[in-house]
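*Asks:* Data: entry_10.txt, compact mmCIF, N, CA and C atoms.
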```txt
# COMPACT_ATOMS: atom_id res chain seq x y z
N MET Z 1 106.90 88.07 79.66
CA MET Z 1 106.92 86.78 80.34
C MET Z 1 107.32 86.95 81.80
N VAL Z 2 108.37 87.72 82.05
CA VAL Z 2 108.82 87.94 83.43
C VAL Z 2 107.75 88.66 84.23
N LEU Z 3 107.07 89.63 83.58
CA LEU Z 3 106.02 90.38 84.25
C LEU Z 3 104.86 89.47 84.63
N LEU Z 4 104.51 88.54 83.74
CA LEU Z 4 103.44 87.58 84.05
C LEU Z 4 103.84 86.68 85.21
N GLN Z 5 105.10 86.26 85.25
CA GLN Z 5 105.57 85.44 86.36
C GLN Z 5 105.52 86.21 87.67
N PHE Z 6 105.87 87.50 87.60
CA PHE Z 6 105.81 88.32 88.81
C PHE Z 6 104.39 88.38 89.36
N PHE Z 7 103.42 88.67 88.48
CA PHE Z 7 102.04 88.81 88.95
C PHE Z 7 101.44 87.48 89.41
N ALA Z 8 102.05 86.38 89.03
CA ALA Z 8 101.58 85.07 89.49
C ALA Z 8 102.23 84.65 90.80
N SER Z 9 103.23 85.40 91.25
CA SER Z 9 103.97 85.01 92.46
C SER Z 9 103.26 85.50 93.73
N PRO Z 10 103.49 84.83 94.84
CA PRO Z 10 102.89 85.27 96.10
C PRO Z 10 103.48 86.59 96.62
N LEU Z 11 104.59 87.02 96.04
CA LEU Z 11 105.20 88.28 96.44
C LEU Z 11 104.52 89.50 95.80
N ALA Z 12 103.91 89.31 94.63
CA ALA Z 12 103.28 90.42 93.91
C ALA Z 12 102.24 91.16 94.74
N PRO Z 13 101.30 90.45 95.40
CA PRO Z 13 100.31 91.20 96.18
C PRO Z 13 100.92 91.97 97.35
N ILE Z 14 101.99 91.45 97.90
CA ILE Z 14 102.64 92.15 99.02
C ILE Z 14 103.28 93.44 98.52
N ILE Z 15 103.96 93.38 97.39
CA ILE Z 15 104.58 94.59 96.82
C ILE Z 15 103.51 95.61 96.44
N LEU Z 16 102.42 95.14 95.83
CA LEU Z 16 101.33 96.05 95.47
C LEU Z 16 100.69 96.66 96.72
N LEU Z 17 100.56 95.87 97.79
CA LEU Z 17 99.99 96.40 99.04
C LEU Z 17 100.91 97.43 99.69
N VAL Z 18 102.22 97.22 99.60
CA VAL Z 18 103.15 98.23 100.12
C VAL Z 18 102.96 99.54 99.36
N CYS Z 19 102.91 99.46 98.04
CA CYS Z 19 102.73 100.66 97.23
C CYS Z 19 101.39 101.32 97.51
N SER Z 20 100.33 100.52 97.60
CA SER Z 20 99.02 101.11 97.86
C SER Z 20 98.97 101.77 99.23
N ASN Z 21 99.65 101.18 100.20
CA ASN Z 21 99.66 101.76 101.55
C ASN Z 21 100.44 103.07 101.61
N LEU Z 22 101.46 103.20 100.79
CA LEU Z 22 102.16 104.49 100.72
C LEU Z 22 101.19 105.58 100.28
N PHE Z 23 100.41 105.29 99.24
CA PHE Z 23 99.44 106.27 98.75
C PHE Z 23 98.31 106.48 99.77
N MET Z 24 97.84 105.39 100.37
CA MET Z 24 96.75 105.50 101.35
C MET Z 24 97.16 106.38 102.52
N THR Z 25 98.38 106.20 103.01
CA THR Z 25 98.84 106.98 104.15
C THR Z 25 98.93 108.45 103.79
N PHE Z 26 99.42 108.75 102.59
CA PHE Z 26 99.44 110.15 102.15
C PHE Z 26 98.02 110.70 102.01
N ALA Z 27 97.10 109.89 101.49
CA ALA Z 27 95.72 110.35 101.31
C ALA Z 27 95.08 110.66 102.66
N TRP Z 28 95.34 109.84 103.66
CA TRP Z 28 94.69 110.00 104.96
C TRP Z 28 95.38 111.03 105.85
N TYR Z 29 96.70 111.10 105.79
CA TYR Z 29 97.43 111.93 106.76
C TYR Z 29 98.30 113.02 106.16
N GLY Z 30 98.56 112.97 104.86
CA GLY Z 30 99.46 113.94 104.24
C GLY Z 30 98.99 115.38 104.36
N HIS Z 31 97.69 115.58 104.38
CA HIS Z 31 97.14 116.93 104.47
C HIS Z 31 97.40 117.59 105.82
N LEU Z 32 97.83 116.83 106.80
CA LEU Z 32 98.09 117.41 108.12
C LEU Z 32 99.24 118.42 108.09
N ASN Z 33 100.07 118.34 107.08
CA ASN Z 33 101.13 119.34 106.90
C ASN Z 33 100.65 120.55 106.11
N PHE Z 34 99.37 120.56 105.74
CA PHE Z 34 98.80 121.66 104.95
C PHE Z 34 97.50 122.16 105.57
N LYS Z 35 97.53 122.41 106.88
CA LYS Z 35 96.31 122.81 107.58
C LYS Z 35 95.78 124.17 107.15
N SER Z 36 96.61 124.98 106.48
CA SER Z 36 96.14 126.28 106.01
C SER Z 36 95.29 126.15 104.74
N GLN Z 37 95.33 124.99 104.11
CA GLN Z 37 94.52 124.77 102.90
C GLN Z 37 93.08 124.46 103.29
N SER Z 38 92.16 124.79 102.40
CA SER Z 38 90.74 124.57 102.70
C SER Z 38 90.43 123.07 102.78
N LEU Z 39 89.46 122.75 103.59
CA LEU Z 39 89.06 121.36 103.75
C LEU Z 39 88.55 120.75 102.44
N PRO Z 40 87.71 121.45 101.67
CA PRO Z 40 87.29 120.85 100.39
C PRO Z 40 88.46 120.55 99.46
N LEU Z 41 89.48 121.40 99.46
CA LEU Z 41 90.65 121.16 98.62
C LEU Z 41 91.38 119.89 99.06
N VAL Z 42 91.64 119.76 100.35
CA VAL Z 42 92.39 118.59 100.81
C VAL Z 42 91.56 117.32 100.67
N ILE Z 43 90.25 117.43 100.77
CA ILE Z 43 89.39 116.26 100.53
C ILE Z 43 89.53 115.83 99.06
N GLY Z 44 89.47 116.79 98.15
CA GLY Z 44 89.61 116.47 96.73
C GLY Z 44 90.95 115.84 96.39
N VAL Z 45 92.02 116.41 96.94
CA VAL Z 45 93.36 115.86 96.70
C VAL Z 45 93.46 114.46 97.31
N SER Z 46 92.92 114.30 98.50
CA SER Z 46 92.95 112.98 99.15
C SER Z 46 92.18 111.94 98.34
N TRP Z 47 91.05 112.31 97.80
CA TRP Z 47 90.28 111.39 96.96
C TRP Z 47 91.07 110.99 95.72
N ALA Z 48 91.75 111.95 95.12
CA ALA Z 48 92.55 111.65 93.93
C ALA Z 48 93.67 110.66 94.26
N ILE Z 49 94.32 110.89 95.40
CA ILE Z 49 95.39 109.97 95.83
C ILE Z 49 94.78 108.60 96.15
N ALA Z 50 93.63 108.58 96.81
CA ALA Z 50 93.00 107.32 97.19
C ALA Z 50 92.55 106.52 95.97
N LEU Z 51 92.16 107.21 94.90
CA LEU Z 51 91.79 106.50 93.67
C LEU Z 51 92.97 105.68 93.15
N PHE Z 52 94.14 106.29 93.13
CA PHE Z 52 95.33 105.57 92.68
C PHE Z 52 95.65 104.43 93.65
N GLU Z 53 95.46 104.68 94.93
CA GLU Z 53 95.68 103.63 95.94
C GLU Z 53 94.78 102.43 95.67
N TYR Z 54 93.52 102.69 95.34
CA TYR Z 54 92.59 101.61 95.04
C TYR Z 54 93.01 100.85 93.79
N CYS Z 55 93.59 101.56 92.83
CA CYS Z 55 94.06 100.91 91.60
C CYS Z 55 95.20 99.94 91.87
N LEU Z 56 95.84 100.05 93.01
CA LEU Z 56 96.88 99.11 93.42
C LEU Z 56 96.33 98.06 94.39
N ALA Z 57 95.46 98.49 95.32
CA ALA Z 57 94.96 97.58 96.35
C ALA Z 57 94.02 96.51 95.80
N VAL Z 58 93.15 96.91 94.88
CA VAL Z 58 92.20 95.93 94.34
C VAL Z 58 92.91 94.79 93.61
N PRO Z 59 93.84 95.09 92.69
CA PRO Z 59 94.56 93.97 92.06
C PRO Z 59 95.42 93.19 93.06
N ALA Z 60 95.95 93.89 94.07
CA ALA Z 60 96.74 93.17 95.08
C ALA Z 60 95.90 92.12 95.77
N ASN Z 61 94.68 92.48 96.12
CA ASN Z 61 93.80 91.53 96.80
C ASN Z 61 93.30 90.44 95.86
N ARG Z 62 93.05 90.81 94.62
CA ARG Z 62 92.60 89.80 93.66
C ARG Z 62 93.71 88.79 93.39
N LEU Z 63 94.93 89.29 93.13
CA LEU Z 63 96.06 88.39 92.91
C LEU Z 63 96.40 87.62 94.18
N GLY Z 64 96.32 88.30 95.30
CA GLY Z 64 96.66 87.66 96.58
C GLY Z 64 95.73 86.54 96.97
N SER Z 65 94.48 86.62 96.52
CA SER Z 65 93.52 85.58 96.89
C SER Z 65 93.87 84.22 96.28
N ASP Z 66 94.79 84.22 95.31
CA ASP Z 66 95.27 82.95 94.76
C ASP Z 66 96.29 82.28 95.67
N HIS Z 67 96.85 83.04 96.62
CA HIS Z 67 97.92 82.53 97.47
C HIS Z 67 97.60 82.57 98.96
N TYR Z 68 96.70 83.45 99.35
CA TYR Z 68 96.42 83.68 100.77
C TYR Z 68 94.92 83.67 101.01
N SER Z 69 94.54 83.35 102.24
CA SER Z 69 93.13 83.49 102.61
C SER Z 69 92.82 84.97 102.77
N VAL Z 70 91.55 85.32 102.81
CA VAL Z 70 91.16 86.72 102.98
C VAL Z 70 91.67 87.25 104.32
N ALA Z 71 91.60 86.44 105.35
CA ALA Z 71 92.11 86.87 106.67
C ALA Z 71 93.62 87.13 106.60
N GLN Z 72 94.34 86.29 105.89
CA GLN Z 72 95.78 86.50 105.74
C GLN Z 72 96.07 87.77 104.94
N LEU Z 73 95.32 88.01 103.87
CA LEU Z 73 95.50 89.23 103.08
C LEU Z 73 95.27 90.47 103.93
N LYS Z 74 94.21 90.46 104.72
CA LYS Z 74 93.91 91.61 105.58
C LYS Z 74 95.01 91.80 106.61
N THR Z 75 95.51 90.73 107.14
CA THR Z 75 96.58 90.81 108.13
C THR Z 75 97.86 91.37 107.50
N ILE Z 76 98.20 90.89 106.32
CA ILE Z 76 99.37 91.43 105.61
C ILE Z 76 99.20 92.92 105.42
N GLN Z 77 98.02 93.34 104.98
CA GLN Z 77 97.76 94.75 104.73
C GLN Z 77 97.89 95.56 106.02
N GLU Z 78 97.40 95.06 107.12
CA GLU Z 78 97.47 95.80 108.39
C GLU Z 78 98.91 95.93 108.89
N VAL Z 79 99.69 94.88 108.78
CA VAL Z 79 101.09 94.95 109.20
C VAL Z 79 101.85 95.92 108.31
N ILE Z 80 101.61 95.86 107.01
CA ILE Z 80 102.24 96.81 106.09
C ILE Z 80 101.84 98.23 106.46
N THR Z 81 100.55 98.43 106.76
CA THR Z 81 100.06 99.76 107.13
C THR Z 81 100.81 100.30 108.34
N LEU Z 82 101.03 99.48 109.35
CA LEU Z 82 101.74 99.93 110.54
C LEU Z 82 103.18 100.30 110.23
N ILE Z 83 103.83 99.50 109.41
CA ILE Z 83 105.23 99.79 109.05
C ILE Z 83 105.32 101.08 108.26
N VAL Z 84 104.45 101.23 107.25
CA VAL Z 84 104.44 102.45 106.45
C VAL Z 84 104.11 103.65 107.33
N PHE Z 85 103.13 103.50 108.22
CA PHE Z 85 102.73 104.60 109.08
C PHE Z 85 103.87 105.05 109.99
N MET Z 86 104.62 104.10 110.53
CA MET Z 86 105.75 104.48 111.41
C MET Z 86 106.75 105.33 110.65
N GLY Z 87 107.09 104.94 109.43
CA GLY Z 87 108.02 105.74 108.64
C GLY Z 87 107.44 107.08 108.27
N PHE Z 88 106.18 107.10 107.87
CA PHE Z 88 105.51 108.34 107.48
C PHE Z 88 105.43 109.30 108.66
N SER Z 89 105.03 108.79 109.80
CA SER Z 89 104.91 109.63 111.00
C SER Z 89 106.25 110.23 111.39
N THR Z 90 107.29 109.44 111.30
CA THR Z 90 108.62 109.89 111.70
C THR Z 90 109.23 110.86 110.70
N PHE Z 91 109.20 110.51 109.43
CA PHE Z 91 109.95 111.28 108.44
C PHE Z 91 109.13 112.40 107.78
N TYR Z 92 107.83 112.22 107.62
CA TYR Z 92 107.02 113.23 106.94
C TYR Z 92 106.33 114.17 107.94
N LEU Z 93 105.70 113.58 108.95
CA LEU Z 93 105.01 114.41 109.94
C LEU Z 93 105.91 114.87 111.07
N LYS Z 94 107.11 114.30 111.15
CA LYS Z 94 108.09 114.66 112.19
C LYS Z 94 107.55 114.39 113.60
N GLN Z 95 106.79 113.31 113.73
CA GLN Z 95 106.28 112.89 115.03
C GLN Z 95 106.92 111.56 115.39
N ALA Z 96 107.63 111.56 116.46
CA ALA Z 96 108.39 110.38 116.87
C ALA Z 96 107.46 109.23 117.27
N ILE Z 97 107.93 108.04 117.02
CA ILE Z 97 107.27 106.83 117.49
C ILE Z 97 107.92 106.45 118.82
N GLY Z 98 107.12 106.38 119.87
CA GLY Z 98 107.65 106.08 121.20
C GLY Z 98 107.69 104.59 121.50
N TRP Z 99 108.25 104.26 122.62
CA TRP Z 99 108.37 102.86 123.02
C TRP Z 99 106.98 102.22 123.16
N ASN Z 100 106.02 103.00 123.65
CA ASN Z 100 104.67 102.45 123.82
C ASN Z 100 104.02 102.14 122.46
N HIS Z 101 104.32 102.97 121.45
CA HIS Z 101 103.81 102.68 120.11
C HIS Z 101 104.44 101.40 119.57
N LEU Z 102 105.75 101.27 119.77
CA LEU Z 102 106.45 100.07 119.28
C LEU Z 102 105.91 98.81 119.94
N ILE Z 103 105.65 98.88 121.24
CA ILE Z 103 105.10 97.71 121.93
C ILE Z 103 103.71 97.39 121.41
N GLY Z 104 102.87 98.43 121.25
CA GLY Z 104 101.52 98.21 120.72
C GLY Z 104 101.54 97.63 119.32
N PHE Z 105 102.37 98.19 118.44
CA PHE Z 105 102.48 97.67 117.08
C PHE Z 105 103.06 96.26 117.10
N GLY Z 106 104.00 96.02 117.99
CA GLY Z 106 104.58 94.68 118.11
C GLY Z 106 103.54 93.64 118.53
N LEU Z 107 102.66 94.02 119.43
CA LEU Z 107 101.59 93.10 119.85
C LEU Z 107 100.64 92.81 118.70
N ILE Z 108 100.35 93.82 117.89
CA ILE Z 108 99.52 93.60 116.71
C ILE Z 108 100.22 92.64 115.74
N ALA Z 109 101.52 92.86 115.54
CA ALA Z 109 102.28 91.97 114.66
C ALA Z 109 102.34 90.55 115.23
N ALA Z 110 102.45 90.45 116.55
CA ALA Z 110 102.46 89.12 117.17
C ALA Z 110 101.12 88.43 116.94
N GLY Z 111 100.03 89.18 117.01
CA GLY Z 111 98.72 88.62 116.73
C GLY Z 111 98.63 88.12 115.29
N ALA Z 112 99.30 88.82 114.39
CA ALA Z 112 99.30 88.41 112.99
C ALA Z 112 99.92 87.02 112.82
N PHE Z 113 100.85 86.69 113.69
CA PHE Z 113 101.49 85.37 113.64
C PHE Z 113 100.45 84.26 113.68
N PHE Z 114 99.44 84.43 114.52
CA PHE Z 114 98.44 83.38 114.69
C PHE Z 114 97.54 83.23 113.46
N ILE Z 115 97.38 84.29 112.68
CA ILE Z 115 96.58 84.20 111.46
C ILE Z 115 97.23 83.25 110.45
N PHE Z 116 98.56 83.18 110.50
CA PHE Z 116 99.29 82.37 109.53
C PHE Z 116 99.61 80.96 110.02
N LEU Z 117 99.19 80.62 111.23
CA LEU Z 117 99.40 79.25 111.70
C LEU Z 117 98.57 78.28 110.87
N ASP Z 118 99.17 77.18 110.52
CA ASP Z 118 98.47 76.15 109.75
C ASP Z 118 97.48 75.46 110.66
N GLN Z 119 96.24 75.37 110.25
CA GLN Z 119 95.19 74.78 111.08
C GLN Z 119 95.02 73.28 110.84
N THR Z 120 95.84 72.70 110.00
CA THR Z 120 95.69 71.27 109.73
C THR Z 120 96.44 70.44 110.71
```
Could I get this structure in the form of structure tokens?

*Replies:*
Amino acid sequence: MVLLQFFASPLAPIILLVCSNLFMTFAWYGHLNFKSQSLPLVIGVSWAIALFEYCLAVPANRLGSDHYSVAQLKTIQEVITLIVFMGFSTFYLKQAIGWNHLIGFGLIAAGAFFIFLDQT
């Protein structure tokens, strides 16, 4: 019963999108720490990770469409992607996020504000 209530809540798609973005970021950028591995190998591993990411993203969008417009869902996903990417870049790839990155990401987040303005 509690699980059904969770999946019916507007928070469920956001949590699923956070999880899917963690996997997506590893699928797209995790191999950069393994440049000595063959490209076909890292492509195969990335595809396997991306499959699991899709298993989270598709239900997130399906459940989310009950609470958000498609534009809002995409915006949520993009903001989550930037947040996950900043942590991934800093802690996994050991590449610092500079002030210019923060300003650029902040402007994208500010743009997201307008997607959620009520048009009525």

*Asks:* Run DSSP on the backbone of this structure and report the residues of segment 26-57 of chain Z it assigns to alpha helix (DSSP H), as a VMD selection string.

*Replies:* chain Z and resid 26 to 29 39 to 57

*Asks:* Could you write those residues out with N, CA and C atoms, as a PDB file, keeping the file's coordinate frame?

*Replies:*
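Okay, this is what ended up in part_31.pdb:
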```pdb
ATOM      1  N   PHE Z  26      99.420 108.750 102.590  1.00  0.00           N
ATOM      2  CA  PHE Z  26      99.440 110.150 102.150  1.00  0.00           C
ATOM      3  C   PHE Z  26      98.020 110.700 102.010  1.00  0.00           C
ATOM      4  N   ALA Z  27      97.100 109.890 101.490  1.00  0.00           N
ATOM      5  CA  ALA Z  27      95.720 110.350 101.310  1.00  0.00           C
ATOM      6  C   ALA Z  27      95.080 110.660 102.660  1.00  0.00           C
ATOM      7  N   TRP Z  28      95.340 109.840 103.660  1.00  0.00           N
ATOM      8  CA  TRP Z  28      94.690 110.000 104.960  1.00  0.00           C
ATOM      9  C   TRP Z  28      95.380 111.030 105.850  1.00  0.00           C
ATOM     10  N   TYR Z  29      96.700 111.100 105.790  1.00  0.00           N
ATOM     11  CA  TYR Z  29      97.430 111.930 106.760  1.00  0.00           C
ATOM     12  C   TYR Z  29      98.300 113.020 106.160  1.00  0.00           C
ATOM     13  N   LEU Z  39      89.460 122.750 103.590  1.00  0.00           N
ATOM     14  CA  LEU Z  39      89.060 121.360 103.750  1.00  0.00           C
ATOM     15  C   LEU Z  39      88.550 120.750 102.440  1.00  0.00           C
ATOM     16  N   PRO Z  40      87.710 121.450 101.670  1.00  0.00           N
ATOM     17  CA  PRO Z  40      87.290 120.850 100.390  1.00  0.00           C
ATOM     18  C   PRO Z  40      88.460 120.550  99.460  1.00  0.00           C
ATOM     19  N   LEU Z  41      89.480 121.400  99.460  1.00  0.00           N
ATOM     20  CA  LEU Z  41      90.650 121.160  98.620  1.00  0.00           C
ATOM     21  C   LEU Z  41      91.380 119.890  99.060  1.00  0.00           C
ATOM     22  N   VAL Z  42      91.640 119.760 100.350  1.00  0.00           N
ATOM     23  CA  VAL Z  42      92.390 118.590 100.810  1.00  0.00           C
ATOM     24  C   VAL Z  42      91.560 117.320 100.670  1.00  0.00           C
ATOM     25  N   ILE Z  43      90.250 117.430 100.770  1.00  0.00           N
ATOM     26  CA  ILE Z  43      89.390 116.260 100.530  1.00  0.00           C
ATOM     27  C   ILE Z  43      89.530 115.830  99.060  1.00  0.00           C
ATOM     28  N   GLY Z  44      89.470 116.790  98.150  1.00  0.00           N
ATOM     29  CA  GLY Z  44      89.610 116.470  96.730  1.00  0.00           C
ATOM     30  C   GLY Z  44      90.950 115.840  96.390  1.00  0.00           C
ATOM     31  N   VAL Z  45      92.020 116.410  96.940  1.00  0.00           N
ATOM     32  CA  VAL Z  45      93.360 115.860  96.700  1.00  0.00           C
ATOM     33  C   VAL Z  45      93.460 114.460  97.310  1.00  0.00           C
ATOM     34  N   SER Z  46      92.920 114.300  98.500  1.00  0.00           N
ATOM     35  CA  SER Z  46      92.950 112.980  99.150  1.00  0.00           C
ATOM     36  C   SER Z  46      92.180 111.940  98.340  1.00  0.00           C
ATOM     37  N   TRP Z  47      91.050 112.310  97.800  1.00  0.00           N
ATOM     38  CA  TRP Z  47      90.280 111.390  96.960  1.00  0.00           C
ATOM     39  C   TRP Z  47      91.070 110.990  95.720  1.00  0.00           C
ATOM     40  N   ALA Z  48      91.750 111.950  95.120  1.00  0.00           N
ATOM     41  CA  ALA Z  48      92.550 111.650  93.930  1.00  0.00           C
ATOM     42  C   ALA Z  48      93.670 110.660  94.260  1.00  0.00           C
ATOM     43  N   ILE Z  49      94.320 110.890  95.400  1.00  0.00           N
ATOM     44  CA  ILE Z  49      95.390 109.970  95.830  1.00  0.00           C
ATOM     45  C   ILE Z  49      94.780 108.600  96.150  1.00  0.00           C
ATOM     46  N   ALA Z  50      93.630 108.580  96.810  1.00  0.00           N
ATOM     47  CA  ALA Z  50      93.000 107.320  97.190  1.00  0.00           C
ATOM     48  C   ALA Z  50      92.550 106.520  95.970  1.00  0.00           C
ATOM     49  N   LEU Z  51      92.160 107.210  94.900  1.00  0.00           N
ATOM     50  CA  LEU Z  51      91.790 106.500  93.670  1.00  0.00           C
ATOM     51  C   LEU Z  51      92.970 105.680  93.150  1.00  0.00           C
ATOM     52  N   PHE Z  52      94.140 106.290  93.130  1.00  0.00           N
ATOM     53  CA  PHE Z  52      95.330 105.570  92.680  1.00  0.00           C
ATOM     54  C   PHE Z  52      95.650 104.430  93.650  1.00  0.00           C
ATOM     55  N   GLU Z  53      95.460 104.680  94.930  1.00  0.00           N
ATOM     56  CA  GLU Z  53      95.680 103.630  95.940  1.00  0.00           C
ATOM     57  C   GLU Z  53      94.780 102.430  95.670  1.00  0.00           C
ATOM     58  N   TYR Z  54      93.520 102.690  95.340  1.00  0.00           N
ATOM     59  CA  TYR Z  54      92.590 101.610  95.040  1.00  0.00           C
ATOM     60  C   TYR Z  54      93.010 100.850  93.790  1.00  0.00           C
ATOM     61  N   CYS Z  55      93.590 101.560  92.830  1.00  0.00           N
ATOM     62  CA  CYS Z  55      94.060 100.910  91.600  1.00  0.00           C
ATOM     63  C   CYS Z  55      95.200  99.940  91.870  1.00  0.00           C
ATOM     64  N   LEU Z  56      95.840 100.050  93.010  1.00  0.00           N
ATOM     65  CA  LEU Z  56      96.880  99.110  93.420  1.00  0.00           C
ATOM     66  C   LEU Z  56      96.330  98.060  94.390  1.00  0.00           C
ATOM     67  N   ALA Z  57      95.460  98.490  95.320  1.00  0.00           N
ATOM     68  CA  ALA Z  57      94.960  97.580  96.350  1.00  0.00           C
ATOM     69  C   ALA Z  57      94.020  96.510  95.800  1.00  0.00           C
TER      70      ALA Z  57
END
```

*Asks:* Quick one: residues within 8 Å of Val79 of chain Z, all atoms listed in the file counted, chain neighbours fewer than 6 positions away excluded, as a ChimeraX atom specification?

*Replies:* /Z:73,85,108-109,112

*Asks:* List as a PyMOL selection string the protein and nucleic acid residues near Pro13 of chain Z, meaning an atom at most 10 Å away when only C-alpha atoms are counted, but skip any in the same chain fewer than 6 places from it.

*Replies:* chain Z and resi 6-7+19+56-68+73+76-77

*Asks:* What lies within 7 Å of segment 103-106 of chain Z using all atoms listed in the file, ignoring chain neighbours under 5 positions off, as a ChimeraX atom specification?

*Replies:* /Z:82,98,111

*Asks:* Out of Z:Leu102, Z:Ala12, Z:Leu17, Z:Leu93, which residue has the shortest atom-to-atom distance to Asn33 of chain Z when counting all atoms listed in the file?

*Replies:*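 Using all atoms listed in the file, the shortest distance to Asn33 of chain Z belongs to Z:Leu93.
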
*Asks:* Which of these residues is nearest to Val70 of chain Z, using only C-alpha atoms: Z:Ala27, Z:Leu51, Z:Phe116, Z:Leu16?

*Replies:*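 The answer is Z:Phe116, which sits nearest to Val70 of chain Z.
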
*Asks:* In Å, rounded to a single decimal, give me how far atom N of Ala71 of chain Z is from atom N of Phe26 of chain Z.

*Replies:*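 Between these atoms lies a distance of 23.8 Å.
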
*Asks:* Please report the interatomic distance between atom CA of Ser89 of chain Z and atom CA of Lys35 of chain Z in Å with one decimal.

*Replies:* 16.1 Å

*Asks:* Looking at Z:Ile115, Z:Ser38, Z:Ala110, Z:Thr81, which one is nearest to Val18 of chain Z, with distances taken over all atoms listed in the file?

*Replies:* Z:Thr81

*Asks:* Using only C-alpha atoms, can you tell me which of Z:Leu22, Z:Leu4, Z:Leu107, Z:Ile14 comes closest to Met86 of chain Z?

*Replies:*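 For Met86 of chain Z, the nearest of the candidates is Z:Leu22.
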